[in-house]
file work27.txt (compact mmCIF, C-alpha atoms)
# COMPACT_ATOMS: atom_id res chain seq x y z
CA ASP A 28 -11.15 -25.23 -43.54
CA PRO A 29 -9.78 -27.08 -46.58
CA ASP A 30 -6.46 -25.22 -46.58
CA TRP A 31 -4.55 -28.25 -47.85
CA ALA A 32 -4.61 -30.14 -51.13
CA SER A 33 -3.50 -33.43 -52.63
CA TYR A 34 -1.81 -32.36 -55.85
CA THR A 35 -1.73 -35.96 -57.17
CA LEU A 36 -5.46 -36.62 -56.61
CA GLY A 37 -6.59 -33.05 -57.30
CA VAL A 38 -8.67 -32.60 -54.12
CA PHE A 39 -8.81 -30.01 -51.34
CA ILE A 40 -8.64 -31.36 -47.78
CA CYS A 41 -8.59 -30.13 -44.17
CA LEU A 42 -5.58 -30.16 -41.85
CA SER A 43 -6.49 -33.34 -39.97
CA CYS A 44 -7.13 -35.34 -43.17
CA SER A 45 -3.92 -33.98 -44.73
CA GLY A 46 -2.00 -35.95 -42.07
CA ILE A 47 -3.73 -39.16 -43.16
CA HIS A 48 -3.02 -38.41 -46.85
CA ARG A 49 0.67 -37.95 -45.98
CA ASN A 50 0.74 -41.56 -44.73
CA ILE A 51 -0.14 -42.87 -48.21
CA PRO A 52 2.49 -41.03 -50.31
CA GLN A 53 2.29 -43.66 -53.08
CA VAL A 54 -1.27 -42.39 -53.73
CA SER A 55 -1.46 -38.84 -52.39
CA LYS A 56 1.07 -36.02 -52.13
CA VAL A 57 0.06 -33.02 -50.04
CA LYS A 58 0.77 -29.28 -50.05
CA SER A 59 -0.54 -26.29 -48.13
CA VAL A 60 -2.68 -24.06 -50.32
CA ARG A 61 -1.29 -20.94 -48.64
CA LEU A 62 2.21 -21.81 -47.38
CA ASP A 63 3.80 -23.99 -50.08
CA ALA A 64 5.14 -23.11 -53.54
CA TRP A 65 3.04 -24.51 -56.40
CA GLU A 66 4.22 -25.38 -59.90
CA GLU A 67 2.05 -24.36 -62.84
CA ALA A 68 1.32 -27.99 -63.79
CA GLN A 69 0.12 -28.76 -60.24
CA VAL A 70 -2.24 -25.77 -60.28
CA GLU A 71 -3.60 -26.87 -63.66
CA LEU A 72 -4.22 -30.40 -62.33
CA MET A 73 -6.18 -28.99 -59.36
CA ALA A 74 -8.24 -26.83 -61.74
CA SER A 75 -8.98 -29.76 -64.05
CA ARG A 76 -10.08 -32.11 -61.23
CA GLY A 77 -11.44 -30.88 -57.89
CA ASN A 78 -13.48 -32.61 -55.19
CA ASP A 79 -16.68 -33.19 -57.19
CA ALA A 80 -14.80 -34.89 -60.03
CA ALA A 81 -12.82 -37.03 -57.55
CA ARG A 82 -16.05 -38.05 -55.82
CA ALA A 83 -17.61 -39.06 -59.12
CA THR A 84 -14.66 -41.42 -59.70
CA PHE A 85 -13.58 -42.66 -56.27
CA GLU A 86 -17.07 -42.83 -54.71
CA SER A 87 -18.96 -44.14 -57.74
CA LYS A 88 -19.99 -47.41 -56.04
CA VAL A 89 -20.20 -46.72 -52.29
CA PRO A 90 -22.75 -49.17 -50.80
CA PRO A 91 -25.65 -47.30 -49.14
CA PHE A 92 -24.88 -48.89 -45.75
CA TYR A 93 -21.16 -47.93 -45.76
CA TYR A 94 -20.44 -45.36 -43.05
CA ARG A 95 -19.28 -42.03 -44.49
CA PRO A 96 -17.35 -40.25 -41.73
CA THR A 97 -17.48 -36.52 -41.05
CA PHE A 98 -14.85 -34.22 -39.54
CA SER A 99 -16.20 -35.00 -36.05
CA ASP A 100 -15.62 -38.78 -36.31
CA CYS A 101 -12.62 -40.55 -34.80
CA GLN A 102 -9.26 -40.73 -36.60
CA LEU A 103 -9.69 -44.44 -37.41
CA LEU A 104 -12.96 -44.01 -39.34
CA ARG A 105 -11.56 -41.09 -41.34
CA GLU A 106 -8.29 -42.90 -42.09
CA GLN A 107 -9.99 -46.11 -43.26
CA TRP A 108 -12.43 -44.13 -45.42
CA ILE A 109 -9.52 -42.33 -47.12
CA ARG A 110 -7.59 -45.59 -47.58
CA ALA A 111 -10.67 -47.47 -48.86
CA LYS A 112 -11.45 -44.65 -51.29
CA TYR A 113 -8.03 -43.78 -52.73
CA GLU A 114 -5.55 -46.53 -51.78
CA ARG A 115 -7.68 -49.69 -52.06
CA GLN A 116 -10.23 -48.13 -54.48
CA GLU A 117 -13.02 -50.20 -52.93
CA PHE A 118 -15.72 -47.90 -54.33
CA ILE A 119 -14.52 -48.30 -57.91
CA HIS A 120 -14.17 -52.11 -57.70
CA PRO A 121 -17.18 -53.62 -55.87
CA GLU A 122 -15.49 -57.06 -55.63
CA LYS A 123 -13.19 -55.48 -53.00
CA GLN A 124 -16.27 -54.88 -50.78
CA GLU A 125 -16.70 -58.60 -50.01
CA PRO A 126 -15.38 -58.38 -46.38
CA TYR A 127 -18.39 -56.30 -45.32
CA SER A 128 -21.04 -57.00 -47.95
CA ALA A 129 -21.07 -60.81 -48.20
CA GLY A 130 -23.69 -61.31 -45.46
CA TYR A 131 -21.34 -63.52 -43.44
CA ARG A 132 -18.18 -62.70 -41.55
CA GLU A 133 -16.12 -64.54 -38.95
CA GLY A 134 -12.87 -63.79 -37.19
CA PHE A 135 -11.20 -63.07 -33.87
CA LEU A 136 -11.53 -59.84 -31.89
CA TRP A 137 -10.08 -58.82 -28.54
CA LYS A 138 -13.04 -58.66 -26.16
CA ARG A 139 -13.07 -57.11 -22.69
CA GLY A 140 -13.99 -59.57 -19.93
CA ARG A 141 -17.16 -58.58 -18.10
CA ASP A 142 -15.79 -59.24 -14.60
CA ASN A 143 -12.02 -58.85 -14.71
CA GLY A 144 -11.62 -56.20 -17.44
CA GLN A 145 -8.98 -58.24 -19.30
CA PHE A 146 -9.10 -58.31 -23.10
CA LEU A 147 -9.11 -61.88 -24.46
CA SER A 148 -9.24 -63.18 -28.04
CA ARG A 149 -12.74 -64.38 -28.92
CA LYS A 150 -14.21 -65.81 -32.12
CA PHE A 151 -17.07 -63.73 -33.59
CA VAL A 152 -19.50 -64.80 -36.32
CA LEU A 153 -21.91 -62.43 -38.06
CA THR A 154 -24.56 -64.21 -40.10
CA GLU A 155 -27.38 -62.39 -41.89
CA ARG A 156 -29.12 -65.71 -42.61
CA GLU A 157 -29.50 -66.34 -38.86
CA GLY A 158 -30.02 -62.64 -38.14
CA ALA A 159 -27.36 -62.62 -35.44
CA LEU A 160 -23.86 -61.71 -34.29
CA LYS A 161 -22.45 -64.48 -32.06
CA TYR A 162 -19.27 -64.90 -30.09
CA PHE A 163 -17.63 -68.01 -28.67
CA ASN A 164 -15.44 -68.32 -25.56
CA ARG A 165 -13.38 -71.04 -27.24
CA SER A 166 -12.70 -71.36 -30.96
CA ASP A 167 -13.80 -75.04 -30.86
CA ALA A 168 -16.95 -74.35 -28.80
CA LYS A 169 -20.17 -75.71 -30.29
CA GLU A 170 -22.47 -73.24 -28.53
CA PRO A 171 -21.98 -69.46 -28.58
CA LYS A 172 -21.53 -67.54 -25.33
CA ALA A 173 -23.92 -64.86 -26.62
CA VAL A 174 -26.31 -64.45 -29.55
CA MET A 175 -27.02 -60.81 -30.43
CA LYS A 176 -30.01 -60.25 -32.70
CA ILE A 177 -29.26 -57.95 -35.66
CA GLU A 178 -32.66 -56.34 -34.99
CA HIS A 179 -31.37 -54.77 -31.74
CA LEU A 180 -27.66 -54.45 -32.51
CA ASN A 181 -25.71 -51.18 -32.40
CA ALA A 182 -22.01 -50.44 -32.82
CA THR A 183 -20.14 -47.19 -32.19
CA PHE A 184 -16.42 -46.39 -32.01
CA GLN A 185 -15.29 -45.40 -28.51
CA PRO A 186 -11.46 -45.12 -28.60
CA ALA A 187 -11.13 -42.83 -25.55
CA LYS A 188 -13.49 -44.85 -23.35
CA ILE A 189 -12.02 -48.24 -24.29
CA GLY A 190 -8.43 -46.99 -24.22
CA HIS A 191 -7.56 -48.26 -27.71
CA ALA A 192 -7.57 -46.33 -31.00
CA HIS A 193 -9.60 -49.16 -32.61
CA GLY A 194 -12.06 -49.63 -29.72
CA LEU A 195 -15.64 -50.50 -30.73
CA GLN A 196 -18.62 -50.64 -28.35
CA VAL A 197 -21.31 -53.12 -29.40
CA THR A 198 -24.69 -53.06 -27.66
CA TYR A 199 -27.71 -55.32 -27.88
CA LEU A 200 -30.87 -55.98 -25.90
CA LYS A 201 -30.86 -58.87 -23.44
CA ASP A 202 -34.22 -59.35 -21.66
CA ASN A 203 -35.01 -55.81 -22.87
CA SER A 204 -32.03 -54.36 -20.98
CA THR A 205 -29.01 -52.95 -22.81
CA ARG A 206 -25.86 -55.11 -22.69
CA ASN A 207 -22.48 -53.61 -23.67
CA ILE A 208 -19.48 -55.43 -25.03
CA PHE A 209 -16.16 -53.75 -25.82
CA VAL A 210 -13.88 -55.06 -28.58
CA TYR A 211 -10.93 -54.04 -30.75
CA HIS A 212 -8.66 -55.44 -33.47
CA GLU A 213 -5.03 -54.44 -33.94
CA ASP A 214 -5.67 -53.91 -37.66
CA GLY A 215 -7.71 -50.76 -38.36
CA LYS A 216 -9.15 -52.11 -41.62
CA GLU A 217 -10.41 -55.26 -39.87
CA ILE A 218 -12.38 -53.46 -37.15
CA VAL A 219 -13.88 -50.94 -39.63
CA ASP A 220 -14.85 -53.87 -41.89
CA TRP A 221 -16.62 -55.46 -38.88
CA PHE A 222 -18.41 -52.16 -38.22
CA ASN A 223 -19.59 -51.87 -41.83
CA ALA A 224 -20.56 -55.57 -41.93
CA ILE A 225 -22.83 -54.94 -38.92
CA ARG A 226 -24.31 -51.91 -40.70
CA ALA A 227 -24.83 -54.01 -43.87
CA ALA A 228 -26.62 -56.72 -41.87
CA ARG A 229 -28.86 -54.11 -40.22
CA PHE A 230 -29.56 -52.52 -43.61
CA HIS A 231 -30.68 -55.83 -45.14
CA TYR A 232 -32.74 -56.68 -42.05
CA LEU A 233 -34.52 -53.28 -42.20
CA GLN A 234 -35.14 -53.61 -45.95
CA VAL A 235 -37.15 -56.77 -45.20
CA ALA A 236 -38.85 -55.28 -42.11
CA PHE A 237 -39.85 -52.05 -43.93
CA PRO A 238 -40.28 -53.03 -47.60
CA GLY A 239 -41.60 -49.62 -48.70
CA ALA A 240 -38.80 -47.59 -47.10
CA SER A 241 -36.13 -45.81 -49.17
CA ASP A 242 -32.39 -46.12 -48.54
CA ALA A 243 -32.48 -42.54 -47.21
CA ASP A 244 -35.05 -43.62 -44.58
CA LEU A 245 -33.07 -46.68 -43.48
CA VAL A 246 -29.45 -45.46 -43.44
CA PRO A 247 -29.84 -43.24 -40.31
CA LYS A 248 -31.13 -46.33 -38.42
CA LEU A 249 -28.11 -48.57 -39.11
CA SER A 250 -25.97 -47.44 -36.19
CA ARG A 251 -26.18 -44.68 -33.59
CA ASN A 252 -23.59 -42.54 -31.92
CA TYR A 253 -24.63 -41.56 -28.41
CA LEU A 254 -26.24 -38.14 -27.98
CA LYS A 255 -24.13 -37.51 -24.89
CA GLU A 256 -22.03 -39.37 -22.29
CA GLY A 257 -20.37 -38.32 -19.05
CA TYR A 258 -20.57 -38.21 -15.27
CA MET A 259 -23.48 -36.77 -13.32
CA GLU A 260 -24.75 -37.32 -9.80
CA LYS A 261 -28.17 -38.86 -9.19
CA THR A 262 -30.46 -39.64 -6.27
CA GLY A 263 -33.09 -42.34 -5.80
CA PRO A 264 -36.88 -42.17 -6.35
CA LYS A 265 -37.64 -40.96 -2.79
CA GLN A 266 -35.03 -38.17 -3.21
CA THR A 267 -34.05 -38.56 0.43
CA GLU A 268 -30.85 -40.56 -0.05
CA GLY A 269 -27.56 -38.88 -0.98
CA PHE A 270 -26.53 -38.18 -4.56
CA ARG A 271 -24.09 -40.65 -6.14
CA LYS A 272 -21.72 -40.11 -9.05
CA ARG A 273 -22.57 -42.32 -12.05
CA TRP A 274 -21.56 -42.57 -15.71
CA PHE A 275 -24.53 -41.67 -17.96
CA THR A 276 -25.14 -42.56 -21.60
CA MET A 277 -27.95 -41.01 -23.63
CA ASP A 278 -28.77 -43.53 -26.37
CA ASP A 279 -31.75 -42.30 -28.39
CA ARG A 280 -34.57 -42.25 -25.77
CA ARG A 281 -32.80 -44.44 -23.21
CA LEU A 282 -30.82 -42.65 -20.50
CA MET A 283 -28.64 -45.34 -18.91
CA TYR A 284 -26.40 -45.04 -15.88
CA PHE A 285 -23.42 -47.14 -14.90
CA LYS A 286 -21.08 -47.30 -11.92
CA ASP A 287 -18.16 -47.52 -14.38
CA PRO A 288 -18.10 -46.44 -18.07
CA LEU A 289 -17.05 -49.98 -19.11
CA ASP A 290 -19.73 -51.91 -17.20
CA ALA A 291 -21.53 -54.63 -19.15
CA PHE A 292 -24.99 -53.71 -17.83
CA ALA A 293 -26.53 -50.43 -16.76
CA ARG A 294 -27.51 -49.99 -13.09
CA GLY A 295 -30.69 -48.41 -14.38
CA GLU A 296 -32.38 -47.02 -17.47
CA VAL A 297 -34.78 -44.07 -17.78
CA PHE A 298 -37.08 -43.67 -20.78
CA ILE A 299 -37.38 -40.07 -21.99
CA GLY A 300 -40.49 -39.44 -24.09
CA SER A 301 -41.78 -36.33 -25.80
CA LYS A 302 -43.32 -33.17 -24.37
CA GLU A 303 -46.70 -34.23 -25.83
CA SER A 304 -46.51 -37.28 -23.55
CA GLY A 305 -45.77 -35.24 -20.42
CA TYR A 306 -41.96 -35.13 -20.32
CA THR A 307 -40.12 -31.89 -19.53
CA VAL A 308 -36.54 -30.86 -18.75
CA LEU A 309 -35.82 -28.11 -16.20
CA HIS A 310 -32.66 -26.31 -15.11
CA GLY A 311 -32.07 -26.68 -11.38
CA LEU A 312 -33.49 -28.87 -8.59
CA PRO A 313 -36.63 -28.58 -6.43
CA PRO A 314 -35.96 -26.07 -3.58
CA SER A 315 -36.03 -28.68 -0.78
CA THR A 316 -33.41 -30.98 -2.38
CA GLN A 317 -30.46 -31.96 -0.16
CA GLY A 318 -27.44 -34.27 -0.28
CA TYR A 319 -25.88 -33.23 -3.58
CA HIS A 320 -22.22 -32.24 -4.08
CA TRP A 321 -22.16 -30.80 -7.60
CA PRO A 322 -23.92 -27.42 -7.91
CA HIS A 323 -25.56 -27.49 -11.36
CA GLY A 324 -28.89 -29.31 -11.20
CA ILE A 325 -31.23 -30.78 -13.82
CA THR A 326 -34.76 -32.09 -13.24
CA ILE A 327 -36.44 -34.43 -15.72
CA VAL A 328 -40.20 -34.60 -15.18
CA THR A 329 -41.91 -37.76 -16.47
CA PRO A 330 -45.60 -38.73 -16.13
CA ASP A 331 -44.66 -40.95 -13.14
CA ARG A 332 -41.95 -39.10 -11.20
CA LYS A 333 -39.12 -36.58 -11.22
CA PHE A 334 -35.50 -37.57 -11.85
CA LEU A 335 -32.86 -35.32 -10.27
CA PHE A 336 -29.29 -34.97 -11.54
CA THR A 337 -26.36 -32.66 -10.85
CA CYS A 338 -23.39 -31.68 -13.01
CA GLU A 339 -19.93 -30.56 -11.96
CA THR A 340 -19.78 -27.57 -14.34
CA GLU A 341 -22.30 -25.22 -15.90
CA SER A 342 -21.15 -26.14 -19.41
CA GLU A 343 -21.81 -29.85 -18.68
CA GLN A 344 -25.26 -28.90 -17.38
CA GLN A 345 -26.00 -26.91 -20.58
CA GLU A 346 -24.87 -29.80 -22.80
CA TRP A 347 -27.00 -32.36 -20.94
CA VAL A 348 -30.06 -30.07 -20.95
CA ALA A 349 -29.62 -29.52 -24.72
CA ALA A 350 -29.35 -33.30 -25.30
CA PHE A 351 -32.46 -34.01 -23.20
CA GLN A 352 -34.39 -31.15 -24.81
CA LYS A 353 -33.61 -32.48 -28.28
CA VAL A 354 -35.19 -35.83 -27.32
CA VAL A 355 -38.21 -34.27 -25.58
CA ASP A 356 -38.90 -31.97 -28.57
CA ARG A 357 -39.04 -34.93 -30.97
CA PRO A 358 -42.50 -36.54 -31.36
CA MET A 359 -42.63 -40.19 -30.36
CA LEU A 360 -42.86 -42.94 -32.99
CA PRO A 361 -45.57 -45.63 -32.64
CA GLN A 362 -43.02 -48.30 -31.64
CA GLU A 363 -41.59 -46.00 -28.94
CA TYR A 364 -44.89 -46.10 -27.05
CA ALA A 365 -44.38 -49.85 -26.65
CA VAL A 366 -40.89 -49.24 -25.24
CA GLU A 367 -42.29 -46.61 -22.85
CA ALA A 368 -44.98 -49.05 -21.65
CA HIS A 369 -42.31 -51.67 -20.95
CA PHE A 370 -40.32 -49.20 -18.84
CA LYS A 371 -43.43 -48.38 -16.81
CA HIS A 372 -44.01 -52.04 -16.00
CA LYS A 373 -40.39 -52.85 -15.24
CA PRO A 374 -40.07 -54.55 -11.83

call {"tool": "encode", "arguments": {"input": "work27.txt", "output": "structure tokens"}}
result
Amino acid sequence: DPDWASYTLGVFICLSCSGIHRNIPQVSKVKSVRLDAWEEAQVELMASRGNDAARATFESKVPPFYYRPTFSDCQLLREQWIRAKYERQEFIHPEKQEPYSAGYREGFLWKRGRDNGQFLSRKFVLTEREGALKYFNRSDAKEPKAVMKIEHLNATFQPAKIGHAHGLQVTYLKDNSTRNIFVYHEDGKEIVDWFNAIRAARFHYLQVAFPGASDADLVPKLSRNYLKEGYMEKTGPKQTEGFRKRWFTMDDRRLMYFKDPLDAFARGEVFIGSKESGYTVLHGLPPSTQGYHWPHGITIVTPDRKFLFTCETESEQQEWVAAFQKVVDRPMLPQEYAVEAHFKHKP
């Protein structure tokens, strides 16, 4: 609903972005299309420019890896996109893109401690040459505390979960299990630059790994938002023990569950393949099931066993079923069969 407009830039915008434009009055001045009085000259400027013309100017040199937010993204991503585009004019002047396109970045981020939950300042280094993101417990430390391979790296903004408007969740594979770290920076530009630097590193890694692939093929693989997150109850493989409440994250084909949303490691991971490989999603639980508290059941049938879950509300159940169904309906890629085989042989 672009019911607002910047009469200095000549673009139509939605209500939530109009608030961001108001915060940069030196660049953008905002009016309601319906409620405010418009001068003739302002109307003429809107007619002579418009969104397509503004895009041609202010987005003329957006790097392919740079994340373009949509209306559903968090406030921070939308604000930094608007500031980068109009205030800093990063996509007109490529030399301003150095912080995320140089192939190397280092700096300090607040990182949540795995055991005590305290956020402490830690030095991070992203190096495309070494193919890794590293962090150090002390700024003078010779050896990093963790080395995260760019090949398996993901980053997604999680302000509500982390409890900070600039909260970023970074995940990587450690011994083929997913490890979470939670970071933020007080400066919104800094943390979004880190996010886009990670995407740039992944883009360049994938260009080498898949030399024939187009930018359009690679860009969706740079970072993933989770298909769904939230609480469900689960029971064990024998389905005789009671159901326990756990935090679940659906990340591509990995369904992970945690005791707490901010845990470093999942308590368990379930691989969800495609219907061609014998995976199905059902509403409800088997008739003999006992020990659950929440009334809305889901059964996931895999070639090896059934996984039983319950949701507190019917709408949560519908959302989870839709998320699972989306994954099951998608044919598996060749490399996903290798991941499935690993899950089957997990101790």

call {"tool": "closest_residue", "arguments": {"input": "work27.txt", "among": "A:Gly37, A:Pro361, A:Gly305, A:Gly311", "to": "His323 in chain A", "atoms": "only C-alpha atoms"}}
result
A:Gly311

call {"tool": "closest_residue", "arguments": {"input": "work27.txt", "among": "A:Gly257, A:Pro121, A:Gly144, A:Gly134", "to": "Ser166 in chain A", "atoms": "all atoms listed in the file"}}
result
A:Gly134

call {"tool": "residues_near_point", "arguments": {"input": "work27.txt", "point": "(-28.0, -55.9, -36.5)", "cutoff": "9 Å", "atoms": "all atoms listed in the file", "output": "ChimeraX atom specification"}}
result
/A:155,158-160,175-182,199,225-230,232,249-250

call {"tool": "write_last_selection", "arguments": {"input": "work27.txt", "atoms": "C-alpha atoms", "output": "PDB file, in the coordinates of the input"}}
result
ATOM      1  CA  GLU A 155     -27.380 -62.390 -41.890  1.00  0.00           C
ATOM      2  CA  GLY A 158     -30.020 -62.640 -38.140  1.00  0.00           C
ATOM      3  CA  ALA A 159     -27.360 -62.620 -35.440  1.00  0.00           C
ATOM      4  CA  LEU A 160     -23.860 -61.710 -34.290  1.00  0.00           C
ATOM      5  CA  MET A 175     -27.020 -60.810 -30.430  1.00  0.00           C
ATOM      6  CA  LYS A 176     -30.010 -60.250 -32.700  1.00  0.00           C
ATOM      7  CA  ILE A 177     -29.260 -57.950 -35.660  1.00  0.00           C
ATOM      8  CA  GLU A 178     -32.660 -56.340 -34.990  1.00  0.00           C
ATOM      9  CA  HIS A 179     -31.370 -54.770 -31.740  1.00  0.00           C
ATOM     10  CA  LEU A 180     -27.660 -54.450 -32.510  1.00  0.00           C
ATOM     11  CA  ASN A 181     -25.710 -51.180 -32.400  1.00  0.00           C
ATOM     12  CA  ALA A 182     -22.010 -50.440 -32.820  1.00  0.00           C
ATOM     13  CA  TYR A 199     -27.710 -55.320 -27.880  1.00  0.00           C
ATOM     14  CA  ILE A 225     -22.830 -54.940 -38.920  1.00  0.00           C
ATOM     15  CA  ARG A 226     -24.310 -51.910 -40.700  1.00  0.00           C
ATOM     16  CA  ALA A 227     -24.830 -54.010 -43.870  1.00  0.00           C
ATOM     17  CA  ALA A 228     -26.620 -56.720 -41.870  1.00  0.00           C
ATOM     18  CA  ARG A 229     -28.860 -54.110 -40.220  1.00  0.00           C
ATOM     19  CA  PHE A 230     -29.560 -52.520 -43.610  1.00  0.00           C
ATOM     20  CA  TYR A 232     -32.740 -56.680 -42.050  1.00  0.00           C
ATOM     21  CA  LEU A 249     -28.110 -48.570 -39.110  1.00  0.00           C
ATOM     22  CA  SER A 250     -25.970 -47.440 -36.190  1.00  0.00           C
TER      23      SER A 250
END

call {"tool": "closest_residue", "arguments": {"input": "work27.txt", "among": "A:Arg271, A:His191, A:Lys353, A:Lys302", "to": "Cys338 in chain A", "atoms": "all atoms listed in the file"}}
result
A:Arg271

call {"tool": "atom_distance", "arguments": {"input": "work27.txt", "atom1": "CA of Arg49 in chain A", "atom2": "CA of Tyr93 in chain A"}}
result
24.0 Å

call {"tool": "closest_residue", "arguments": {"input": "work27.txt", "among": "A:Gln345, A:Thr262, A:Ser148, A:Ser301", "to": "Tyr162 in chain A", "atoms": "all atoms listed in the file"}}
result
A:Ser148

call {"tool": "atom_distance", "arguments": {"input": "work27.txt", "atom1": "CA of Glu71 in chain A", "atom2": "CA of Ser59 in chain A"}}
result
15.8 Å

call {"tool": "atom_distance", "arguments": {"input": "work27.txt", "atom1": "CA of Phe270 in chain A", "atom2": "CA of Glu346 in chain A"}}
result
20.1 Å

call {"tool": "closest_residue", "arguments": {"input": "work27.txt", "among": "A:Pro96, A:Pro313, A:Pro186, A:Gly46", "to": "Phe209 in chain A", "atoms": "all atoms listed in the file"}}
result
A:Pro186

call {"tool": "residues_around", "arguments": {"input": "work27.txt", "residues": "Gln352 in chain A", "least_positions_apart": "3", "cutoff": "10 Å", "atoms": "only C-alpha atoms", "output": "compact mmCIF listing (two decimals) with C-alpha atoms, keeping the file's coordinate frame"}}
result
# COMPACT_ATOMS: atom_id res chain seq x y z
CA ILE A 299 -37.38 -40.07 -21.99
CA SER A 301 -41.78 -36.33 -25.80
CA LYS A 302 -43.32 -33.17 -24.37
CA TYR A 306 -41.96 -35.13 -20.32
CA THR A 307 -40.12 -31.89 -19.53
CA VAL A 308 -36.54 -30.86 -18.75
CA LEU A 309 -35.82 -28.11 -16.20
CA ILE A 327 -36.44 -34.43 -15.72
CA GLU A 346 -24.87 -29.80 -22.80
CA TRP A 347 -27.00 -32.36 -20.94
CA VAL A 348 -30.06 -30.07 -20.95
CA ALA A 349 -29.62 -29.52 -24.72
CA VAL A 355 -38.21 -34.27 -25.58
CA ASP A 356 -38.90 -31.97 -28.57
CA ARG A 357 -39.04 -34.93 -30.97

call {"tool": "axis_aligned_box", "arguments": {"input": "work27.txt", "around": "range 125-140 of chain A", "padding_each_side": "4 Å", "output": "JSON"}}
result
{"center_x": -16.9, "center_y": -60.4, "center_z": -35.0, "size_x": 21.6, "size_y": 16.2, "size_z": 38.1}

call {"tool": "closest_residue", "arguments": {"input": "work27.txt", "among": "A:Val60, A:Val197, A:Ala32, A:Val219", "to": "Arg251 in chain A", "atoms": "all atoms listed in the file"}}
result
A:Val197

call {"tool": "residues_around", "arguments": {"input": "work27.txt", "residues": "range 287-293 of chain A", "least_positions_apart": "3", "cutoff": "10 Å", "atoms": "only C-alpha atoms", "output": "PyMOL selection string"}}
result
chain A and resi 139-142+144+188-189+196+198+201+204-209+256-258+272-276+282-284+296

call {"tool": "residues_near_point", "arguments": {"input": "work27.txt", "point": "(-26.1, -67.4, -26.0)", "cutoff": "10 Å", "atoms": "all atoms listed in the file", "output": "list in words"}}
result
Lys161, Tyr162, Phe163, Glu170, Pro171, Lys172, Ala173, Val174 and Met175 of chain A

call {"tool": "build_atoms", "arguments": {"input": "work27.txt", "residues": "range 340-351 of chain A", "atoms": "N, CA, C and O atoms", "output": "compact mmCIF listing (two decimals), in the coordinates of the input"}}
result
# COMPACT_ATOMS: atom_id res chain seq x y z
N THR A 340 -20.00 -28.91 -13.77
CA THR A 340 -19.78 -27.57 -14.34
C THR A 340 -21.05 -27.09 -15.05
O THR A 340 -21.90 -27.89 -15.44
N GLU A 341 -21.13 -25.80 -15.22
CA GLU A 341 -22.30 -25.22 -15.90
C GLU A 341 -22.34 -25.64 -17.36
O GLU A 341 -23.42 -25.88 -17.92
N SER A 342 -21.16 -25.76 -18.00
CA SER A 342 -21.15 -26.14 -19.41
C SER A 342 -21.65 -27.57 -19.59
O SER A 342 -22.38 -27.88 -20.55
N GLU A 343 -21.28 -28.47 -18.64
CA GLU A 343 -21.81 -29.85 -18.68
C GLU A 343 -23.33 -29.83 -18.53
O GLU A 343 -24.05 -30.53 -19.24
N GLN A 344 -23.81 -29.01 -17.60
CA GLN A 344 -25.26 -28.90 -17.38
C GLN A 344 -25.96 -28.46 -18.68
O GLN A 344 -26.97 -29.04 -19.08
N GLN A 345 -25.39 -27.44 -19.34
CA GLN A 345 -26.00 -26.91 -20.58
C GLN A 345 -26.04 -27.99 -21.66
O GLN A 345 -27.03 -28.12 -22.39
N GLU A 346 -24.94 -28.76 -21.77
CA GLU A 346 -24.87 -29.80 -22.80
C GLU A 346 -25.89 -30.91 -22.54
O GLU A 346 -26.54 -31.39 -23.47
N TRP A 347 -26.02 -31.32 -21.27
CA TRP A 347 -27.00 -32.36 -20.94
C TRP A 347 -28.43 -31.86 -21.17
O TRP A 347 -29.25 -32.56 -21.76
N VAL A 348 -28.71 -30.63 -20.75
CA VAL A 348 -30.06 -30.07 -20.95
C VAL A 348 -30.38 -30.03 -22.44
O VAL A 348 -31.48 -30.39 -22.87
N ALA A 349 -29.40 -29.60 -23.26
CA ALA A 349 -29.62 -29.52 -24.72
C ALA A 349 -29.90 -30.91 -25.29
O ALA A 349 -30.78 -31.07 -26.15
N ALA A 350 -29.15 -31.93 -24.81
CA ALA A 350 -29.35 -33.30 -25.30
C ALA A 350 -30.73 -33.81 -24.91
O ALA A 350 -31.45 -34.40 -25.73
N PHE A 351 -31.13 -33.57 -23.66
CA PHE A 351 -32.46 -34.01 -23.20
C PHE A 351 -33.57 -33.27 -23.96
O PHE A 351 -34.56 -33.86 -24.35
